[in-house]
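Inspection log for the structure reproduced underneath, given as structure tokens.
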Amino acid sequence: MGDIVLSAGVRQNLLSLQNTANLMAVTQNRLATGKKVNTALDNPINFFTSQSLSNRANDLNALLDSIGQSQKTLEAADKGISAITKLVQSAKSIAQQARQSPAPGSTTYSAFSVSGDPTNETLGTTGNGAAITVANNTTYSFTLDINGAGPQTVTYTSDATATYAEILAGLQASFTSAVTASGANAADIELVANGGGDGLSVNALNADIDFTIGAGAGNSGLTAAAYNSTSLLDNIGSSGQTLTVAVNGGANQIITFGTGPGEVSTLAELNAKIATLSGVTGSASNSAVTLNVASTTSVQNSLQLTASNAGLATALGLSTGTTQGTPTIGSPDPTRASLENDFNNVLAQIDALTRDASYNGVNLLNGDTLRVVFNEAGSSFLNITGVTFDSAGLSLSPASSGYFQANGNIDAALASVDSALNTLRTQASAFGSHLTTVQTRQDFTKGLIQTLQTGADNLVLADTNEEGANMLALQTRQQLSTTALSLSAQADQAVLKLFG
Amino acid sequence: MALKVELKPGERILIGDVVITNSDQRTRFLVEGSAPILREKDIMTAERADTPAKRVYLAIQLMYISDDPRKHHDVYFALMRDIIQAAPSAWQHIADINNQILTGDLYKALKQAKKLIEYEQELLSNAERGPGLRSSSKADRKSA
């Protein structure tokens with residue numbers, strides 16, 4: 001056929017039909033998907049607004065996941081601190097129990113002696129003199145010089161009926177005077193018969209005595225010579241040396257060796273001097289020089305000897321330096337020992353718990369830090385610094401063996417437990433407030449996502465006239481809605497009512 | 001950073017959870033710290049909140065001055081949903097408000113909410129004036 005010419009009326013009907021067919025297709029599409037806006041061509045503004053709502057919801061979902069992880073990390077740290085606090089409290093009660101257990105017996109320190117073999121003293125002696133010839137009316141004499149004081153004459157003249165005993169007694173009487181005249185006394189030097197044979201013997205009794213027998217009538221039977229004693233002072237070799245004695249850490253007691261008043265020159269004098277020392281007993285003789293220190297309880301006993309020169313130390317035979325008694329520890333209380341073990345076990349549990357308080361690889365109780373990001377740009381965030389809360393981080397050190405036996409040690413442990421509890425409390429409240437902040441943001445983000453997702457599907461209009469009408473309708477509707485009611489109720493509770 | 005506040009005689013200001021009323025002389029003072037601060041002119045009371053956008057402003061204000069903002073989140077979402085459904089073109093304003101709340105800066109969110117109130121005012125006055133030829137609206141078109 002050729003051209004088909006349509007009249008104006010037919011053309012109009014045709015266009016109407018085509019429009020209707022179009023509208024039917026669109027409506028059927030909408031009914032099928034349930035969405036009013038399916039493609040950008042339907043309603044560009046709505047479509048892109050809806051798209052941006054969906055995209056925003058997706059972005060926020062991703063953010064929500066990471067905020068949720070941070071929240072769980074904070075919760076793990078918070079729970080960790082609660083558990084550690086309970087453990088520290090049980091450590092405190094263990095230590096308190098130990099404190100109330102009976103303390104162990106005190107340590108005793110043994111008695112001890114310091115002794116040595118001194119260089120021997122010798123006493124001067126003439127030995128046995130030759131027998132004297134007993135004759136009547138004869139003068140017997142000799143001179144005696146004690147310590148260089150000058151020769152004194154010892155003399156006796158026998159009578160008509162001379163006997164040895166009589167001569168001896170007479171000479172002894174004269175001897176006594178001579179000794180006194182020399183400034184010595186009977187304890188220092190003696191004149192005796194020699195055992196058997198009728199002779200004489202002059203003996204020094206004191207190591208300080210040196211004497212010289214001079215020739216007299218020559219009939220005393222004694223040999224003229226110098227008879228010297230060797231005293232302790234001679235053995236030392238010099239005057240003025242000192243021995244310093246300190247007992248149990250007390251004040252120094254000084255013995256000076258010499259010939260002045262209060263000074264010691266012989267072992268006999270040393271013996272007497274030792275008796276005057278406080279805190280030590282002892283003796284001095286040729287066989288030994290001994291110093292004894294008694295045993296003590298709870299406090300270490302000790303003896304410190306210092307000789308001013310080597311000659312003194314050798315002469316006394318004593319080794320210088322400090323000597324101490326051996327300690328015997330009172331038997332440890334078994335309750336305290338077992339509580340000490342329990343205490344250390346609790347500390348080990350705290351360490352294990354700290355290591356386990358991590359979530360997703362971040363452990364806020366083991367020094368890690370957490371950064372919580374609240375928006376996609378990363379410009380809104382919260383930095384949470386971790387702490388180290390193992391037993392070392394809380395300044396709790398395990399008790400060494402026998403530590404809990406002493407009350408002072410337990411008190412120190414209790415003090416550090418208390419300060420650990422304070423640290424935990426402070427940190428728990430800091431983490432608690434971070435947790436609230438993160439939870440608030442998280443709740444808001446969740447609510448927003450839901451709203452966006454609902455909004456994206458329910459867009460209705462783009463026409464501003466219609467929007468205005470909708471807003472008016474909404475305004476009226478809201479006056480009766482529960483939303484407005486709860487809003488007013490919340491406003492009433494706030495300080496806003498002061499503004500009236 | 002300190003905030004400089006100047007109060008006219010008799011003007012009131014909310015700081016934290018107290019209301020301070022000025023006496024009969026102009027006063028100037030500095031406020032430091034993180035407590036919420038709202039001048040009298042920025043405060044929306046429940047009586048004055050009679051439109052949807054003003055109610056949104058009130059909800060945000062409650063979040064700002066409250067110690068537990070979570071109590072007010074549900075109300076805020078409900079109000080926001082209503083507005084988006086009624087007037088999707090307001091979405092950009094709503095998005096700005098949400099961003100500020102997400103960042104945690106509720107004071108800036110209040111400022112954005114003020115803009116929403118102005119936009120709403122525009123819509124409502126359009127509707128009240130009824131249809132007519134204006135440069136911003138589409139004319140009815142009939143098919144040829």
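Chain labels A, B, ... are given in the sequence in which chains occur in the structure tokens; within each chain residues are numbered consecutively from 1, and ligands are likewise numbered from 1 in the order shown.
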
Per-residue nearest contacts of chain A to chain B (6 Å; only C-alpha atoms) as JSON lines:
```
{"residue": "A:Ser380", "atom": "CA", "partner": "B:Thr103", "partner_atom": "CA", "distance": 5.3}
{"residue": "A:Thr440", "atom": "CA", "partner": "B:Arg70", "partner_atom": "CA", "distance": 5.9}
{"residue": "A:Leu459", "atom": "CA", "partner": "B:Gln85", "partner_atom": "CA", "distance": 5.8}
{"residue": "A:Asn465", "atom": "CA", "partner": "B:Ala127", "partner_atom": "CA", "distance": 5.8}
{"residue": "A:Glu467", "atom": "CA", "partner": "B:Ala87", "partner_atom": "CA", "distance": 4.9}
{"residue": "A:Gly468", "atom": "CA", "partner": "B:Leu123", "partner_atom": "CA", "distance": 4.5}
{"residue": "A:Ala469", "atom": "CA", "partner": "B:Ala127", "partner_atom": "CA", "distance": 5.5}
{"residue": "A:Asn470", "atom": "CA", "partner": "B:Ala86", "partner_atom": "CA", "distance": 5.2}
{"residue": "A:Met471", "atom": "CA", "partner": "B:Ala86", "partner_atom": "CA", "distance": 5.9}
{"residue": "A:Gln475", "atom": "CA", "partner": "B:Thr51", "partner_atom": "CA", "distance": 5.3}
{"residue": "A:Ser488", "atom": "CA", "partner": "B:Ala46", "partner_atom": "CA", "distance": 5.7}
```

Create the file for the chosen residues now, containing N, CA, C and O atoms and written as a PDB file, in the first residue's frame.
```pdb
ATOM      1  N   SER A 380      37.732  12.273  62.885  1.00  0.00           N
ATOM      2  CA  SER A 380      37.166  12.185  64.231  1.00  0.00           C
ATOM      3  C   SER A 380      37.571  10.842  64.806  1.00  0.00           C
ATOM      4  O   SER A 380      37.176   9.803  64.300  1.00  0.00           O
ATOM      5  N   THR A 440      28.233   5.086  72.637  1.00  0.00           N
ATOM      6  CA  THR A 440      27.291   6.119  72.192  1.00  0.00           C
ATOM      7  C   THR A 440      27.404   6.332  70.691  1.00  0.00           C
ATOM      8  O   THR A 440      26.406   6.370  69.965  1.00  0.00           O
ATOM      9  N   LEU A 459      11.316   6.846  49.107  1.00  0.00           N
ATOM     10  CA  LEU A 459      11.191   8.199  48.590  1.00  0.00           C
ATOM     11  C   LEU A 459       9.925   8.325  47.757  1.00  0.00           C
ATOM     12  O   LEU A 459       9.598   7.451  46.965  1.00  0.00           O
ATOM     13  N   ASN A 465       6.283  21.695  45.769  1.00  0.00           N
ATOM     14  CA  ASN A 465       4.932  22.005  46.231  1.00  0.00           C
ATOM     15  C   ASN A 465       4.389  20.863  47.067  1.00  0.00           C
ATOM     16  O   ASN A 465       3.862  21.070  48.164  1.00  0.00           O
ATOM     17  N   GLU A 467       6.078  18.624  48.507  1.00  0.00           N
ATOM     18  CA  GLU A 467       6.863  18.489  49.743  1.00  0.00           C
ATOM     19  C   GLU A 467       6.340  19.449  50.798  1.00  0.00           C
ATOM     20  O   GLU A 467       6.212  19.092  51.971  1.00  0.00           O
ATOM     21  N   GLY A 468       6.059  20.672  50.381  1.00  0.00           N
ATOM     22  CA  GLY A 468       5.530  21.641  51.338  1.00  0.00           C
ATOM     23  C   GLY A 468       4.244  21.141  51.966  1.00  0.00           C
ATOM     24  O   GLY A 468       4.053  21.206  53.194  1.00  0.00           O
ATOM     25  N   ALA A 469       3.351  20.592  51.103  1.00  0.00           N
ATOM     26  CA  ALA A 469       2.085  20.075  51.623  1.00  0.00           C
ATOM     27  C   ALA A 469       2.342  18.932  52.590  1.00  0.00           C
ATOM     28  O   ALA A 469       1.693  18.823  53.640  1.00  0.00           O
ATOM     29  N   ASN A 470       3.301  18.066  52.222  1.00  0.00           N
ATOM     30  CA  ASN A 470       3.630  16.940  53.103  1.00  0.00           C
ATOM     31  C   ASN A 470       4.124  17.414  54.453  1.00  0.00           C
ATOM     32  O   ASN A 470       3.778  16.843  55.492  1.00  0.00           O
ATOM     33  N   MET A 471       4.953  18.466  54.424  1.00  0.00           N
ATOM     34  CA  MET A 471       5.502  18.979  55.680  1.00  0.00           C
ATOM     35  C   MET A 471       4.380  19.503  56.566  1.00  0.00           C
ATOM     36  O   MET A 471       4.389  19.290  57.778  1.00  0.00           O
ATOM     37  N   GLN A 475       3.455  18.100  60.156  1.00  0.00           N
ATOM     38  CA  GLN A 475       3.435  18.957  61.340  1.00  0.00           C
ATOM     39  C   GLN A 475       2.196  18.662  62.184  1.00  0.00           C
ATOM     40  O   GLN A 475       2.259  18.514  63.395  1.00  0.00           O
ATOM     41  N   SER A 488       8.696  15.776  74.309  1.00  0.00           N
ATOM     42  CA  SER A 488       8.346  16.739  75.366  1.00  0.00           C
ATOM     43  C   SER A 488       8.720  16.195  76.730  1.00  0.00           C
ATOM     44  O   SER A 488       9.220  16.926  77.588  1.00  0.00           O
TER      45      SER A 488
END
```

Between B:Arg28, B:Val5, B:Ile94, B:Ile37, which has the minimum distance to Thr49 of chain A (counting only C-alpha atoms)?
B:Ile94

Run DSSP on the backbone and give me the residues of chain B it puts in alpha helix (DSSP H), as a PDB file with C-alpha atoms, in the first residue's frame.
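Okay, this is what ended up in states-v2.pdb:
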```pdb
ATOM      1  CA  PRO B  52       9.158  18.855  62.333  1.00  0.00           C
ATOM      2  CA  ALA B  53      12.500  20.608  61.767  1.00  0.00           C
ATOM      3  CA  LYS B  54      12.224  22.471  65.064  1.00  0.00           C
ATOM      4  CA  ARG B  55      11.568  19.175  66.799  1.00  0.00           C
ATOM      5  CA  VAL B  56      14.727  17.795  65.208  1.00  0.00           C
ATOM      6  CA  TYR B  57      16.575  20.813  66.595  1.00  0.00           C
ATOM      7  CA  LEU B  58      15.133  20.110  70.036  1.00  0.00           C
ATOM      8  CA  ALA B  59      16.207  16.456  69.870  1.00  0.00           C
ATOM      9  CA  ILE B  60      19.757  17.422  68.937  1.00  0.00           C
ATOM     10  CA  GLN B  61      19.779  19.986  71.707  1.00  0.00           C
ATOM     11  CA  LEU B  62      18.743  17.330  74.202  1.00  0.00           C
ATOM     12  CA  MET B  63      21.599  15.129  73.007  1.00  0.00           C
ATOM     13  CA  TYR B  64      24.017  18.024  73.398  1.00  0.00           C
ATOM     14  CA  ILE B  65      23.188  18.881  76.980  1.00  0.00           C
ATOM     15  CA  ARG B  70      21.758   7.516  73.792  1.00  0.00           C
ATOM     16  CA  LYS B  71      18.399   8.184  75.450  1.00  0.00           C
ATOM     17  CA  HIS B  72      17.529  10.653  72.709  1.00  0.00           C
ATOM     18  CA  HIS B  73      18.752   8.736  69.678  1.00  0.00           C
ATOM     19  CA  ASP B  74      15.449   6.900  68.989  1.00  0.00           C
ATOM     20  CA  VAL B  75      13.394  10.079  68.966  1.00  0.00           C
ATOM     21  CA  TYR B  76      15.894  11.757  66.672  1.00  0.00           C
ATOM     22  CA  PHE B  77      15.800   8.916  64.160  1.00  0.00           C
ATOM     23  CA  ALA B  78      12.021   8.819  64.110  1.00  0.00           C
ATOM     24  CA  LEU B  79      11.829  12.569  63.441  1.00  0.00           C
ATOM     25  CA  MET B  80      14.519  12.369  60.792  1.00  0.00           C
ATOM     26  CA  ARG B  81      12.753   9.505  59.008  1.00  0.00           C
ATOM     27  CA  ASP B  82       9.509  11.471  58.919  1.00  0.00           C
ATOM     28  CA  ILE B  83      11.185  14.482  57.336  1.00  0.00           C
ATOM     29  CA  ILE B  84      13.005  12.498  54.678  1.00  0.00           C
ATOM     30  CA  GLN B  85       9.818  10.753  53.670  1.00  0.00           C
ATOM     31  CA  ALA B  86       7.880  13.996  53.535  1.00  0.00           C
ATOM     32  CA  TRP B  91      18.313  15.217  52.435  1.00  0.00           C
ATOM     33  CA  GLN B  92      21.449  17.343  52.048  1.00  0.00           C
ATOM     34  CA  HIS B  93      20.675  19.260  55.232  1.00  0.00           C
ATOM     35  CA  ILE B  94      19.921  16.045  57.083  1.00  0.00           C
ATOM     36  CA  ALA B  95      23.193  14.527  55.829  1.00  0.00           C
ATOM     37  CA  ASP B  96      25.140  17.544  57.132  1.00  0.00           C
ATOM     38  CA  ILE B  97      23.516  17.230  60.527  1.00  0.00           C
ATOM     39  CA  ASN B  98      24.251  13.508  60.687  1.00  0.00           C
ATOM     40  CA  ASN B  99      27.875  14.042  59.762  1.00  0.00           C
ATOM     41  CA  GLN B 100      28.354  16.509  62.564  1.00  0.00           C
ATOM     42  CA  ILE B 101      26.744  14.170  65.072  1.00  0.00           C
ATOM     43  CA  LEU B 102      28.917  11.280  63.879  1.00  0.00           C
ATOM     44  CA  THR B 103      32.002  13.417  64.317  1.00  0.00           C
ATOM     45  CA  LEU B 106      26.936  18.443  68.535  1.00  0.00           C
ATOM     46  CA  TYR B 107      27.228  22.219  68.638  1.00  0.00           C
ATOM     47  CA  LYS B 108      27.907  22.330  64.883  1.00  0.00           C
ATOM     48  CA  ALA B 109      25.042  19.861  64.408  1.00  0.00           C
ATOM     49  CA  LEU B 110      22.749  22.429  66.049  1.00  0.00           C
ATOM     50  CA  LYS B 111      23.942  25.052  63.580  1.00  0.00           C
ATOM     51  CA  GLN B 112      23.123  22.739  60.671  1.00  0.00           C
ATOM     52  CA  ALA B 113      19.729  22.030  62.206  1.00  0.00           C
ATOM     53  CA  LYS B 114      19.056  25.765  62.149  1.00  0.00           C
ATOM     54  CA  LYS B 115      19.633  25.693  58.395  1.00  0.00           C
ATOM     55  CA  LEU B 116      17.155  22.837  58.161  1.00  0.00           C
ATOM     56  CA  ILE B 117      14.581  24.952  59.986  1.00  0.00           C
ATOM     57  CA  GLU B 118      15.077  27.765  57.466  1.00  0.00           C
ATOM     58  CA  TYR B 119      14.690  25.345  54.551  1.00  0.00           C
ATOM     59  CA  GLU B 120      11.543  23.937  56.069  1.00  0.00           C
ATOM     60  CA  GLN B 121      10.215  27.449  56.450  1.00  0.00           C
ATOM     61  CA  GLU B 122      10.700  27.941  52.724  1.00  0.00           C
ATOM     62  CA  LEU B 123       8.780  24.755  51.941  1.00  0.00           C
ATOM     63  CA  LEU B 124       5.949  25.590  54.312  1.00  0.00           C
ATOM     64  CA  SER B 125       5.532  29.124  52.983  1.00  0.00           C
ATOM     65  CA  ASN B 126       5.471  27.752  49.430  1.00  0.00           C
ATOM     66  CA  ALA B 127       2.702  25.401  50.395  1.00  0.00           C
ATOM     67  CA  GLU B 128       0.700  28.003  52.266  1.00  0.00           C
ATOM     68  CA  ARG B 129       0.732  30.415  49.393  1.00  0.00           C
TER      69      ARG B 129
END
```

Grab the atom CA of Ala313 of chain A to atom CA of Leu243 of chain A distance for me, in Å with one decimal place.
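About the pair atom CA of Ala313 of chain A and atom CA of Leu243 of chain A: they are 8.5 Å apart.
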